[in-house]
$ cat model.cif   # mmCIF, C-alpha atoms
data_target
#
loop_
_atom_site.group_PDB
_atom_site.id
_atom_site.type_symbol
_atom_site.label_atom_id
_atom_site.label_comp_id
_atom_site.auth_asym_id
_atom_site.auth_seq_id
_atom_site.Cartn_x
_atom_site.Cartn_y
_atom_site.Cartn_z
ATOM 1 C CA MET A 1 14.060 -33.407 70.564
ATOM 2 C CA SER A 2 12.413 -36.489 72.109
ATOM 3 C CA ASP A 3 10.381 -38.838 69.920
ATOM 4 C CA VAL A 4 7.175 -37.858 71.779
ATOM 5 C CA SER A 5 7.587 -34.152 70.977
ATOM 6 C CA ALA A 6 8.746 -35.080 67.442
ATOM 7 C CA ILE A 7 5.443 -36.915 66.856
ATOM 8 C CA GLU A 8 3.491 -33.908 68.202
ATOM 9 C CA GLN A 9 5.453 -31.699 65.782
ATOM 10 C CA PHE A 10 4.724 -34.194 62.958
ATOM 11 C CA VAL A 11 0.944 -34.069 63.666
ATOM 12 C CA LYS A 12 0.968 -30.258 63.483
ATOM 13 C CA GLN A 13 3.008 -30.134 60.259
ATOM 14 C CA TYR A 14 0.866 -32.877 58.688
ATOM 15 C CA LYS A 15 -2.322 -30.849 59.356
ATOM 16 C CA ASP A 16 -0.707 -27.737 57.806
ATOM 17 C CA LEU A 17 0.369 -29.873 54.822
ATOM 18 C CA LYS A 18 -3.200 -31.126 54.257
ATOM 19 C CA THR A 19 -4.508 -27.528 54.421
ATOM 20 C CA GLU A 20 -1.901 -26.401 51.886
ATOM 21 C CA ILE A 21 -2.756 -29.251 49.458
ATOM 22 C CA ALA A 22 -6.499 -28.520 49.847
ATOM 23 C CA LYS A 23 -5.916 -25.033 48.365
ATOM 24 C CA VAL A 24 -5.543 -26.724 44.961
ATOM 25 C CA ILE A 25 -6.961 -30.250 45.306
ATOM 26 C CA VAL A 26 -10.688 -30.420 45.989
ATOM 27 C CA GLY A 27 -11.836 -33.453 48.015
ATOM 28 C CA GLN A 28 -9.918 -36.738 47.398
ATOM 29 C CA ASP A 29 -9.029 -36.683 51.107
ATOM 30 C CA GLU A 30 -8.474 -40.435 51.422
ATOM 31 C CA VAL A 31 -6.303 -40.537 48.283
ATOM 32 C CA VAL A 32 -4.078 -37.675 49.529
ATOM 33 C CA ASN A 33 -3.821 -39.389 52.941
ATOM 34 C CA GLN A 34 -2.663 -42.659 51.395
ATOM 35 C CA ILE A 35 -0.091 -40.931 49.157
ATOM 36 C CA LEU A 36 1.309 -39.031 52.158
ATOM 37 C CA ILE A 37 1.336 -42.163 54.341
ATOM 38 C CA SER A 38 3.394 -43.989 51.705
ATOM 39 C CA ILE A 39 5.823 -41.033 51.384
ATOM 40 C CA PHE A 40 6.412 -40.831 55.154
ATOM 41 C CA SER A 41 6.676 -44.644 55.338
ATOM 42 C CA GLY A 42 9.297 -44.602 52.551
ATOM 43 C CA GLY A 43 7.146 -46.596 50.089
ATOM 44 C CA HIS A 44 5.781 -46.062 46.560
ATOM 45 C CA SER A 45 2.215 -45.893 45.285
ATOM 46 C CA LEU A 46 0.203 -47.026 42.273
ATOM 47 C CA LEU A 47 -2.754 -44.766 41.356
ATOM 48 C CA ILE A 48 -5.548 -46.439 39.431
ATOM 49 C CA GLY A 49 -8.089 -44.117 37.843
ATOM 50 C CA VAL A 50 -9.610 -42.979 34.555
ATOM 51 C CA PRO A 51 -8.058 -39.976 32.739
ATOM 52 C CA GLY A 52 -8.943 -36.447 33.806
ATOM 53 C CA LEU A 53 -9.083 -36.944 37.573
ATOM 54 C CA ALA A 54 -6.155 -34.528 38.185
ATOM 55 C CA LYS A 55 -3.598 -37.197 39.068
ATOM 56 C CA THR A 56 -0.679 -35.104 37.739
ATOM 57 C CA LEU A 57 -1.945 -31.939 39.452
ATOM 58 C CA MET A 58 -2.300 -33.846 42.728
ATOM 59 C CA VAL A 59 1.264 -35.211 42.661
ATOM 60 C CA ASN A 60 2.680 -31.858 41.564
ATOM 61 C CA THR A 61 0.836 -30.073 44.391
ATOM 62 C CA ILE A 62 2.020 -32.607 46.991
ATOM 63 C CA ALA A 63 5.622 -32.262 45.721
ATOM 64 C CA GLN A 64 5.418 -28.445 45.974
ATOM 65 C CA ALA A 65 3.951 -28.549 49.496
ATOM 66 C CA LEU A 66 6.695 -30.976 50.578
ATOM 67 C CA GLY A 67 9.363 -28.752 49.022
ATOM 68 C CA LEU A 68 10.632 -31.558 46.754
ATOM 69 C CA ASP A 69 11.729 -31.806 43.106
ATOM 70 C CA PHE A 70 9.084 -33.315 40.840
ATOM 71 C CA LYS A 71 9.377 -34.888 37.371
ATOM 72 C CA ARG A 72 6.695 -36.467 35.209
ATOM 73 C CA ILE A 73 7.557 -39.267 32.786
ATOM 74 C CA GLN A 74 4.937 -40.145 30.180
ATOM 75 C CA PHE A 75 5.340 -43.859 29.489
ATOM 76 C CA THR A 76 4.866 -44.845 25.840
ATOM 77 C CA PRO A 77 5.526 -48.062 23.870
ATOM 78 C CA ASP A 78 8.736 -46.601 22.343
ATOM 79 C CA LEU A 79 10.251 -45.333 25.627
ATOM 80 C CA MET A 80 13.738 -46.785 26.223
ATOM 81 C CA PRO A 81 15.451 -47.344 29.615
ATOM 82 C CA SER A 82 18.037 -44.646 28.706
ATOM 83 C CA ASP A 83 15.171 -42.141 28.238
ATOM 84 C CA ILE A 84 14.409 -42.332 31.951
ATOM 85 C CA LEU A 85 17.799 -43.234 33.474
ATOM 86 C CA GLY A 86 19.998 -40.956 31.360
ATOM 87 C CA SER A 87 22.915 -41.806 29.062
ATOM 88 C CA GLU A 88 26.606 -41.230 28.497
ATOM 89 C CA ILE A 89 27.710 -38.831 25.764
ATOM 90 C CA LEU A 90 31.118 -37.825 24.408
ATOM 91 C CA ASP A 91 31.882 -34.213 25.381
ATOM 92 C CA GLU A 92 34.125 -31.811 23.438
ATOM 93 C CA ASP A 93 37.248 -33.154 25.256
ATOM 94 C CA ARG A 94 36.352 -36.678 24.062
ATOM 95 C CA HIS A 95 35.507 -37.803 27.603
ATOM 96 C CA PHE A 96 32.368 -39.692 28.433
ATOM 97 C CA LYS A 97 29.965 -37.564 30.440
ATOM 98 C CA PHE A 98 26.784 -38.847 32.107
ATOM 99 C CA ILE A 99 23.637 -36.826 31.424
ATOM 100 C CA LYS A 100 21.081 -37.587 34.119
ATOM 101 C CA GLY A 101 17.594 -38.635 33.061
ATOM 102 C CA PRO A 102 14.280 -37.570 34.667
ATOM 103 C CA ILE A 103 14.540 -40.399 37.231
ATOM 104 C CA PHE A 104 16.964 -38.180 39.201
ATOM 105 C CA SER A 105 14.307 -36.297 41.150
ATOM 106 C CA ASN A 106 12.644 -36.687 44.576
ATOM 107 C CA ILE A 107 9.142 -37.428 43.325
ATOM 108 C CA ILE A 108 8.533 -39.206 40.020
ATOM 109 C CA LEU A 109 5.128 -39.453 38.381
ATOM 110 C CA ALA A 110 5.309 -42.503 36.104
ATOM 111 C CA ASP A 111 2.258 -41.817 33.960
ATOM 112 C CA GLU A 112 0.556 -44.894 32.469
ATOM 113 C CA ILE A 113 3.324 -47.279 33.509
ATOM 114 C CA ASN A 114 1.553 -50.198 31.777
ATOM 115 C CA ARG A 115 1.989 -48.532 28.349
ATOM 116 C CA THR A 116 5.738 -49.219 28.179
ATOM 117 C CA PRO A 117 7.581 -52.509 27.505
ATOM 118 C CA PRO A 118 8.915 -54.645 30.404
ATOM 119 C CA LYS A 119 12.542 -53.576 29.811
ATOM 120 C CA THR A 120 11.713 -49.934 30.589
ATOM 121 C CA GLN A 121 9.401 -50.888 33.471
ATOM 122 C CA ALA A 122 12.261 -52.924 34.976
ATOM 123 C CA ALA A 123 14.635 -49.918 34.794
ATOM 124 C CA LEU A 124 12.210 -47.854 36.876
ATOM 125 C CA LEU A 125 11.630 -50.714 39.301
ATOM 126 C CA GLU A 126 15.368 -51.077 40.001
ATOM 127 C CA ALA A 127 15.458 -47.398 40.955
ATOM 128 C CA MET A 128 12.412 -47.867 43.217
ATOM 129 C CA GLN A 129 13.913 -50.834 45.032
ATOM 130 C CA GLU A 130 17.588 -49.866 45.266
ATOM 131 C CA ARG A 131 17.268 -46.035 45.345
ATOM 132 C CA ALA A 132 20.132 -46.195 42.802
ATOM 133 C CA VAL A 133 20.612 -46.832 39.074
ATOM 134 C CA THR A 134 23.333 -48.527 37.044
ATOM 135 C CA VAL A 135 24.258 -47.022 33.676
ATOM 136 C CA ALA A 136 27.206 -48.311 31.570
ATOM 137 C CA GLY A 137 28.620 -50.132 34.593
ATOM 138 C CA HIS A 138 28.538 -47.043 36.855
ATOM 139 C CA HIS A 139 26.399 -46.925 39.979
ATOM 140 C CA TYR A 140 24.569 -43.651 40.688
ATOM 141 C CA LYS A 141 22.767 -43.018 43.987
ATOM 142 C CA LEU A 142 19.435 -41.178 43.833
ATOM 143 C CA ASP A 143 18.669 -38.208 46.085
ATOM 144 C CA LEU A 144 16.549 -39.009 49.131
ATOM 145 C CA PRO A 145 13.665 -38.865 49.870
ATOM 146 C CA TYR A 146 12.700 -40.790 46.745
ATOM 147 C CA PHE A 147 9.123 -41.612 45.869
ATOM 148 C CA VAL A 148 7.541 -43.078 42.716
ATOM 149 C CA LEU A 149 3.871 -42.610 42.001
ATOM 150 C CA ALA A 150 2.826 -44.688 38.991
ATOM 151 C CA THR A 151 -0.579 -44.361 37.321
ATOM 152 C CA GLN A 152 -2.645 -46.901 35.405
ATOM 153 C CA ASN A 153 -5.777 -46.353 33.378
ATOM 154 C CA PRO A 154 -8.153 -49.243 34.207
ATOM 155 C CA ILE A 155 -10.340 -48.969 31.091
ATOM 156 C CA GLU A 156 -8.065 -49.110 28.041
ATOM 157 C CA GLN A 157 -6.103 -52.359 28.018
ATOM 158 C CA GLU A 158 -5.328 -52.416 24.298
ATOM 159 C CA GLY A 159 -1.581 -52.230 23.595
ATOM 160 C CA THR A 160 -0.580 -52.362 27.255
ATOM 161 C CA TYR A 161 2.015 -54.381 29.147
ATOM 162 C CA PRO A 162 0.434 -55.221 32.517
ATOM 163 C CA LEU A 163 2.877 -55.137 35.436
ATOM 164 C CA PRO A 164 3.774 -58.652 36.650
ATOM 165 C CA GLU A 165 2.773 -59.558 40.207
ATOM 166 C CA ALA A 166 6.394 -59.417 41.450
ATOM 167 C CA GLN A 167 6.666 -55.829 40.219
ATOM 168 C CA LEU A 168 3.253 -54.805 41.573
ATOM 169 C CA ASP A 169 4.437 -56.073 44.966
ATOM 170 C CA ARG A 170 7.044 -53.280 45.075
ATOM 171 C CA PHE A 171 4.312 -50.679 45.418
ATOM 172 C CA MET A 172 3.289 -50.107 49.008
ATOM 173 C CA PHE A 173 -0.218 -48.877 48.116
ATOM 174 C CA ALA A 174 -2.599 -49.364 45.212
ATOM 175 C CA ILE A 175 -4.951 -46.386 45.410
ATOM 176 C CA ASN A 176 -8.270 -46.287 43.571
ATOM 177 C CA LEU A 177 -9.193 -42.818 42.348
ATOM 178 C CA ASP A 178 -12.919 -42.240 41.943
ATOM 179 C CA TYR A 179 -14.976 -39.507 40.297
ATOM 180 C CA PRO A 180 -15.574 -36.463 42.548
ATOM 181 C CA SER A 181 -18.982 -35.937 44.165
ATOM 182 C CA PHE A 182 -21.402 -33.446 42.541
ATOM 183 C CA ALA A 183 -20.502 -30.639 45.011
ATOM 184 C CA GLU A 184 -16.761 -31.304 44.584
ATOM 185 C CA GLU A 185 -17.025 -31.272 40.793
ATOM 186 C CA VAL A 186 -18.900 -27.940 40.907
ATOM 187 C CA GLU A 187 -16.066 -26.511 43.027
ATOM 188 C CA VAL A 188 -13.417 -27.941 40.665
ATOM 189 C CA VAL A 189 -15.108 -26.364 37.618
ATOM 190 C CA LYS A 190 -15.440 -22.964 39.375
ATOM 191 C CA SER A 191 -11.802 -22.900 40.499
ATOM 192 C CA THR A 192 -10.287 -24.121 37.195
ATOM 193 C CA THR A 193 -12.267 -21.890 34.832
ATOM 194 C CA SER A 194 -11.478 -18.574 36.534
ATOM 195 C CA ASP A 195 -8.364 -16.413 36.206
ATOM 196 C CA SER A 196 -7.169 -16.802 39.797
ATOM 197 C CA LYS A 197 -4.105 -18.993 40.394
ATOM 198 C CA LYS A 198 -3.497 -20.523 43.801
ATOM 199 C CA SER A 199 0.109 -20.871 44.931
ATOM 200 C CA VAL A 200 1.312 -23.662 47.209
ATOM 201 C CA ASN A 201 3.953 -22.969 49.856
ATOM 202 C CA ALA A 202 6.732 -25.449 50.619
ATOM 203 C CA LEU A 203 6.289 -26.514 54.255
ATOM 204 C CA PHE A 204 9.090 -29.101 54.514
ATOM 205 C CA LYS A 205 12.728 -29.533 53.594
ATOM 206 C CA ALA A 206 14.057 -32.826 52.189
ATOM 207 C CA GLN A 207 16.051 -33.580 55.386
ATOM 208 C CA GLN A 208 12.945 -33.043 57.550
ATOM 209 C CA ILE A 209 11.051 -35.663 55.560
ATOM 210 C CA ILE A 210 13.962 -38.132 55.953
ATOM 211 C CA ASP A 211 13.986 -37.412 59.723
ATOM 212 C CA PHE A 212 10.242 -38.093 59.948
ATOM 213 C CA GLN A 213 10.721 -41.361 57.996
ATOM 214 C CA HIS A 214 13.302 -42.444 60.605
ATOM 215 C CA LEU A 215 11.008 -41.318 63.431
ATOM 216 C CA ILE A 216 8.206 -43.528 62.073
ATOM 217 C CA ARG A 217 10.507 -46.548 61.941
ATOM 218 C CA ARG A 218 11.395 -45.962 65.629
ATOM 219 C CA ILE A 219 7.731 -46.115 66.717
ATOM 220 C CA PRO A 220 7.249 -49.229 68.896
ATOM 221 C CA VAL A 221 4.615 -51.817 67.940
ATOM 222 C CA ALA A 222 3.007 -54.289 70.358
ATOM 223 C CA ASP A 223 3.514 -57.985 69.514
ATOM 224 C CA ASN A 224 -0.240 -58.593 69.226
ATOM 225 C CA VAL A 225 -0.489 -55.902 66.487
ATOM 226 C CA VAL A 226 2.391 -57.464 64.505
ATOM 227 C CA GLU A 227 0.790 -60.901 64.900
ATOM 228 C CA TYR A 228 -2.581 -59.506 63.779
ATOM 229 C CA ALA A 229 -0.992 -58.032 60.606
ATOM 230 C CA VAL A 230 0.817 -61.285 59.784
ATOM 231 C CA ALA A 231 -2.356 -63.322 60.448
ATOM 232 C CA LEU A 232 -4.393 -60.953 58.248
ATOM 233 C CA VAL A 233 -1.977 -61.458 55.340
ATOM 234 C CA GLY A 234 -1.953 -65.220 55.989
ATOM 235 C CA LYS A 235 -5.752 -65.296 55.625
ATOM 236 C CA THR A 236 -5.426 -64.067 52.009
ATOM 237 C CA ARG A 237 -3.641 -67.293 50.969
ATOM 238 C CA PRO A 238 -6.190 -69.845 49.710
ATOM 239 C CA ASN A 239 -4.115 -72.880 50.741
ATOM 240 C CA SER A 240 -3.704 -71.660 54.348
ATOM 241 C CA ASP A 241 -5.759 -73.158 57.198
ATOM 242 C CA ALA A 242 -6.851 -69.663 58.261
ATOM 243 C CA ALA A 243 -8.264 -68.760 54.809
ATOM 244 C CA THR A 244 -11.954 -67.810 54.810
ATOM 245 C CA ASP A 245 -14.504 -69.393 52.439
ATOM 246 C CA LEU A 246 -14.511 -66.209 50.361
ATOM 247 C CA VAL A 247 -10.722 -66.459 49.906
ATOM 248 C CA LYS A 248 -10.820 -70.190 49.076
ATOM 249 C CA ASN A 249 -13.566 -69.630 46.472
ATOM 250 C CA TYR A 250 -12.393 -66.445 44.803
ATOM 251 C CA ILE A 251 -8.606 -66.051 45.215
ATOM 252 C CA ASP A 252 -5.871 -67.794 43.194
ATOM 253 C CA TRP A 253 -2.875 -66.269 45.001
ATOM 254 C CA GLY A 254 -2.579 -64.432 48.309
ATOM 255 C CA ALA A 255 -0.229 -61.715 49.533
ATOM 256 C CA GLY A 256 3.437 -62.343 50.446
ATOM 257 C CA PRO A 257 5.551 -61.248 53.438
ATOM 258 C CA ARG A 258 6.184 -57.785 51.939
ATOM 259 C CA ALA A 259 2.484 -57.083 52.583
ATOM 260 C CA SER A 260 2.965 -57.772 56.324
ATOM 261 C CA GLN A 261 5.983 -55.431 56.452
ATOM 262 C CA ASN A 262 4.078 -52.680 54.643
ATOM 263 C CA LEU A 263 0.996 -53.126 56.857
ATOM 264 C CA ILE A 264 3.079 -52.446 59.973
ATOM 265 C CA LEU A 265 5.002 -49.504 58.448
ATOM 266 C CA ALA A 266 1.823 -47.866 57.129
ATOM 267 C CA ALA A 267 -0.010 -48.530 60.429
ATOM 268 C CA LYS A 268 2.837 -46.744 62.268
ATOM 269 C CA THR A 269 2.484 -43.705 59.986
ATOM 270 C CA HIS A 270 -1.329 -43.808 60.241
ATOM 271 C CA ALA A 271 -1.031 -43.833 64.045
ATOM 272 C CA ALA A 272 1.540 -40.986 64.002
ATOM 273 C CA ILE A 273 -0.616 -38.641 61.882
ATOM 274 C CA HIS A 274 -3.422 -39.137 64.431
ATOM 275 C CA GLY A 275 -1.098 -38.290 67.331
ATOM 276 C CA LYS A 276 -0.764 -41.854 68.642
ATOM 277 C CA PHE A 277 2.601 -43.112 69.898
ATOM 278 C CA SER A 278 2.016 -46.727 68.877
ATOM 279 C CA PRO A 279 -0.308 -48.328 66.288
ATOM 280 C CA ASP A 280 -3.162 -50.662 67.210
ATOM 281 C CA ILE A 281 -5.310 -53.118 65.231
ATOM 282 C CA GLU A 282 -7.589 -50.278 63.993
ATOM 283 C CA ASN A 283 -4.605 -48.586 62.329
ATOM 284 C CA VAL A 284 -3.697 -51.852 60.560
ATOM 285 C CA GLN A 285 -7.294 -52.209 59.302
ATOM 286 C CA ALA A 286 -7.360 -48.564 58.147
ATOM 287 C CA VAL A 287 -4.468 -49.137 55.713
ATOM 288 C CA ALA A 288 -5.185 -52.790 54.804
ATOM 289 C CA LYS A 289 -7.228 -52.250 51.613
ATOM 290 C CA GLY A 290 -4.623 -50.080 49.878
ATOM 291 C CA ILE A 291 -1.847 -52.494 50.815
ATOM 292 C CA LEU A 292 -3.564 -55.796 49.987
ATOM 293 C CA ARG A 293 -5.679 -54.757 46.976
ATOM 294 C CA HIS A 294 -2.953 -55.331 44.342
ATOM 295 C CA ARG A 295 -1.386 -58.307 46.113
ATOM 296 C CA ILE A 296 -4.308 -60.718 45.921
ATOM 297 C CA ILE A 297 -5.050 -62.365 42.570
ATOM 298 C CA LYS A 298 -8.728 -63.066 41.934
ATOM 299 C CA ASN A 299 -9.880 -66.060 39.881
ATOM 300 C CA TYR A 300 -12.362 -66.119 36.976
ATOM 301 C CA LYS A 301 -15.229 -66.962 39.334
ATOM 302 C CA ALA A 302 -14.671 -63.719 41.272
ATOM 303 C CA GLU A 303 -14.587 -61.748 37.998
ATOM 304 C CA ALA A 304 -17.768 -63.431 36.744
ATOM 305 C CA GLU A 305 -19.654 -62.812 39.998
ATOM 306 C CA GLY A 306 -18.404 -59.225 40.354
ATOM 307 C CA ILE A 307 -16.644 -59.812 43.679
ATOM 308 C CA SER A 308 -14.161 -56.989 44.324
ATOM 309 C CA GLU A 309 -10.793 -57.154 46.098
ATOM 310 C CA ASP A 310 -12.094 -54.687 48.695
ATOM 311 C CA GLN A 311 -15.056 -56.942 49.576
ATOM 312 C CA ILE A 312 -12.697 -59.872 50.117
ATOM 313 C CA ILE A 313 -10.309 -57.802 52.278
ATOM 314 C CA GLU A 314 -13.211 -56.443 54.394
ATOM 315 C CA SER A 315 -14.414 -59.985 55.046
ATOM 316 C CA LEU A 316 -11.005 -60.767 56.639
ATOM 317 C CA PHE A 317 -11.520 -58.235 59.457
#

$ encode --input "model.cif" --output "structure tokens"
Amino acid sequence: MSDVSAIEQFVKQYKDLKTEIAKVIVGQDEVVNQILISIFSGGHSLLIGVPGLAKTLMVNTIAQALGLDFKRIQFTPDLMPSDILGSEILDEDRHFKFIKGPIFSNIILADEINRTPPKTQAALLEAMQERAVTVAGHHYKLDLPYFVLATQNPIEQEGTYPLPEAQLDRFMFAINLDYPSFAEEVEVVKSTTSDSKKSVNALFKAQQIIDFQHLIRRIPVADNVVEYAVALVGKTRPNSDAATDLVKNYIDWGAGPRASQNLILAAKTHAAIHGKFSPDIENVQAVAKGILRHRIIKNYKAEAEGISEDQIIESLF
């Protein structure tokens, strides 16, 4: 199959996938889009939202529709690395046997990742980066495709261990989850308080998703689009000549080169789901907020004046 017909096939399957997810998930269209873009780009996502916005249901539904294994890990202050990676035990023949932990799944929901100490966070982050884990000196490869969706609750900061900037940088997207609209909430209440149960069909196989990830990497990108993405990231750095007044006044640290790489990868996927064979500047702008939001560090002045990351990113366009 040629890449052109493969992209046409991808557009069709993506539309079917969105329809399937919409059977269970009401609204949240932009959030679902960003999660799917990061899956098909081979990245991970950080979901930021208050409790009760159906984050677990959303990830579970997406995993079912993609035909992938799904595990949820509830992060707590007493969670140890071995609780997520697995551990070696002595079997009845007195041989060491490795019992796999919940990290051995295609899609992992790391619930409230900032509730667990850095040692356990680091164990998950190795798996995210290397797609492999090391336990007792043995190296274990994880099944592909592999996708981590971590959640953070933005309101309760007591007893949390905020992720350091270097670890935040490993997430392709930071996605803000908002309350549903009035009409959406009415629909949610109607569908969740009745006796009917909606089933989600698996539309993909694991190998198909891997093939689409490779297809997206093969999409060509014009030099001017790559240069635009790199320049956009450069503008977020307050000590750069290209930095805007807003950046110089309100940002302590800008985004690094990983942001430029992710902008191009996500722009390719964004173009592909809209049936385009190459991304343009509009596709880069469409994914920029989710990719830059967690990579720019605001100063106290920005906090005091209520300037949001999104406002700063919009001003760069």

$ resolve_selection --input "model.cif" --expression "the PyMOL selection byres ((chain A and resi 119-125) around 9)" --output "PDB file with C-alpha atoms, in the frame of the given file"
ATOM      1  CA  PHE A  75       5.340 -43.859  29.489  1.00  0.00           C
ATOM      2  CA  LEU A  79      10.251 -45.333  25.627  1.00  0.00           C
ATOM      3  CA  MET A  80      13.738 -46.785  26.223  1.00  0.00           C
ATOM      4  CA  PRO A  81      15.451 -47.344  29.615  1.00  0.00           C
ATOM      5  CA  SER A  82      18.037 -44.646  28.706  1.00  0.00           C
ATOM      6  CA  ASP A  83      15.171 -42.141  28.238  1.00  0.00           C
ATOM      7  CA  ILE A  84      14.409 -42.332  31.951  1.00  0.00           C
ATOM      8  CA  LEU A  85      17.799 -43.234  33.474  1.00  0.00           C
ATOM      9  CA  ILE A 103      14.540 -40.399  37.231  1.00  0.00           C
ATOM     10  CA  ALA A 110       5.309 -42.503  36.104  1.00  0.00           C
ATOM     11  CA  ILE A 113       3.324 -47.279  33.509  1.00  0.00           C
ATOM     12  CA  ASN A 114       1.553 -50.198  31.777  1.00  0.00           C
ATOM     13  CA  THR A 116       5.738 -49.219  28.179  1.00  0.00           C
ATOM     14  CA  PRO A 117       7.581 -52.509  27.505  1.00  0.00           C
ATOM     15  CA  PRO A 118       8.915 -54.645  30.404  1.00  0.00           C
ATOM     16  CA  GLU A 126      15.368 -51.077  40.001  1.00  0.00           C
ATOM     17  CA  ALA A 127      15.458 -47.398  40.955  1.00  0.00           C
ATOM     18  CA  MET A 128      12.412 -47.867  43.217  1.00  0.00           C
ATOM     19  CA  GLN A 129      13.913 -50.834  45.032  1.00  0.00           C
ATOM     20  CA  GLU A 130      17.588 -49.866  45.266  1.00  0.00           C
ATOM     21  CA  VAL A 133      20.612 -46.832  39.074  1.00  0.00           C
ATOM     22  CA  VAL A 148       7.541 -43.078  42.716  1.00  0.00           C
ATOM     23  CA  LEU A 163       2.877 -55.137  35.436  1.00  0.00           C
ATOM     24  CA  GLN A 167       6.666 -55.829  40.219  1.00  0.00           C
ATOM     25  CA  ARG A 170       7.044 -53.280  45.075  1.00  0.00           C
TER      26      ARG A 170
END

$ closest_atom_pairs --input "model.cif" --of "region 178-221 of chain A" --to "region 9-24 of chain A" --cutoff "12 Å" --atoms "only C-alpha atoms" --output "tab-separated table"
residue	atom	partner	partner_atom	distance
A:Glu184	CA	A:Ala22	CA	11.9
A:Glu187	CA	A:Val24	CA	10.7
A:Val188	CA	A:Val24	CA	9.1
A:Lys190	CA	A:Val24	CA	12.0
A:Ser191	CA	A:Val24	CA	8.6
A:Thr192	CA	A:Val24	CA	9.5
A:Ser196	CA	A:Val24	CA	11.3
A:Lys197	CA	A:Val24	CA	9.1
A:Lys198	CA	A:Val24	CA	6.6
A:Ser199	CA	A:Lys23	CA	8.1
A:Val200	CA	A:Glu20	CA	6.3
A:Asn201	CA	A:Glu20	CA	7.1
A:Ala202	CA	A:Glu20	CA	8.8
A:Leu203	CA	A:Leu17	CA	6.8
A:Phe204	CA	A:Gln13	CA	8.4
A:Lys205	CA	A:Gln13	CA	11.8
A:Gln208	CA	A:Phe10	CA	9.9
A:Ile209	CA	A:Phe10	CA	9.8
A:Asp211	CA	A:Phe10	CA	10.3
A:Phe212	CA	A:Phe10	CA	7.4
A:Gln213	CA	A:Phe10	CA	10.6
A:Leu215	CA	A:Phe10	CA	9.5
A:Ile216	CA	A:Phe10	CA	10.0

$ resolve_selection --input "model.cif" --expression "the PyMOL selection byres ((chain A and resi 48-65) around 7)" --output "PyMOL selection string"
chain A and resi 17+20-21+25+46-47+66-70+107+151-155+175-179+200-203

$ residues_around --input "model.cif" --residues "region 298-302 of chain A" --least-positions-apart "5" --cutoff "9 Å" --atoms "all atoms listed in the file" --output "list of chain:residue names"
A:Val247, A:Asn249, A:Tyr250, A:Ile251, A:Asp252, A:Trp253, A:Gly254, A:Ile307, A:Ser308, A:Glu309

$ atom_distance --input "model.cif" --atom1 "CA of Thr134 (chain A)" --atom2 "CA of Ser41 (chain A)"
25.0 Å

$ closest_residue --input "model.cif" --among "A:Pro162, A:Asp143, A:Ile37, A:Glu30" --to "Ala271 (chain A)" --atoms "only C-alpha atoms"
A:Ile37

$ build_atoms --input "model.cif" --residues "region 193-204 of chain A" --atoms "N, CA and C atoms" --output "compact mmCIF listing (two decimals), in the frame of the given file"
# COMPACT_ATOMS: atom_id res chain seq x y z
N THR A 193 -11.85 -22.67 36.01
CA THR A 193 -12.27 -21.89 34.83
C THR A 193 -12.21 -20.39 35.11
N SER A 194 -11.64 -20.01 36.25
CA SER A 194 -11.48 -18.57 36.53
C SER A 194 -10.00 -18.20 36.32
N ASP A 195 -9.72 -16.90 36.50
CA ASP A 195 -8.36 -16.41 36.21
C ASP A 195 -7.44 -16.46 37.43
N SER A 196 -8.00 -16.84 38.58
CA SER A 196 -7.17 -16.80 39.80
C SER A 196 -6.30 -18.06 39.87
N LYS A 197 -5.06 -17.88 40.30
CA LYS A 197 -4.11 -18.99 40.39
C LYS A 197 -3.69 -19.13 41.85
N LYS A 198 -3.86 -20.32 42.39
CA LYS A 198 -3.50 -20.52 43.80
C LYS A 198 -2.06 -21.03 43.89
N SER A 199 -1.28 -20.42 44.78
CA SER A 199 0.11 -20.87 44.93
C SER A 199 0.23 -21.73 46.19
N VAL A 200 1.11 -22.73 46.10
CA VAL A 200 1.31 -23.66 47.21
C VAL A 200 2.67 -23.38 47.83
N ASN A 201 2.69 -23.24 49.16
CA ASN A 201 3.95 -22.97 49.86
C ASN A 201 4.64 -24.27 50.25
N ALA A 202 5.97 -24.27 50.19
CA ALA A 202 6.73 -25.45 50.62
C ALA A 202 6.83 -25.43 52.14
N LEU A 203 6.33 -26.47 52.79
CA LEU A 203 6.29 -26.51 54.26
C LEU A 203 7.40 -27.39 54.85
N PHE A 204 8.07 -28.18 54.02
CA PHE A 204 9.09 -29.10 54.51
C PHE A 204 10.39 -28.89 53.76
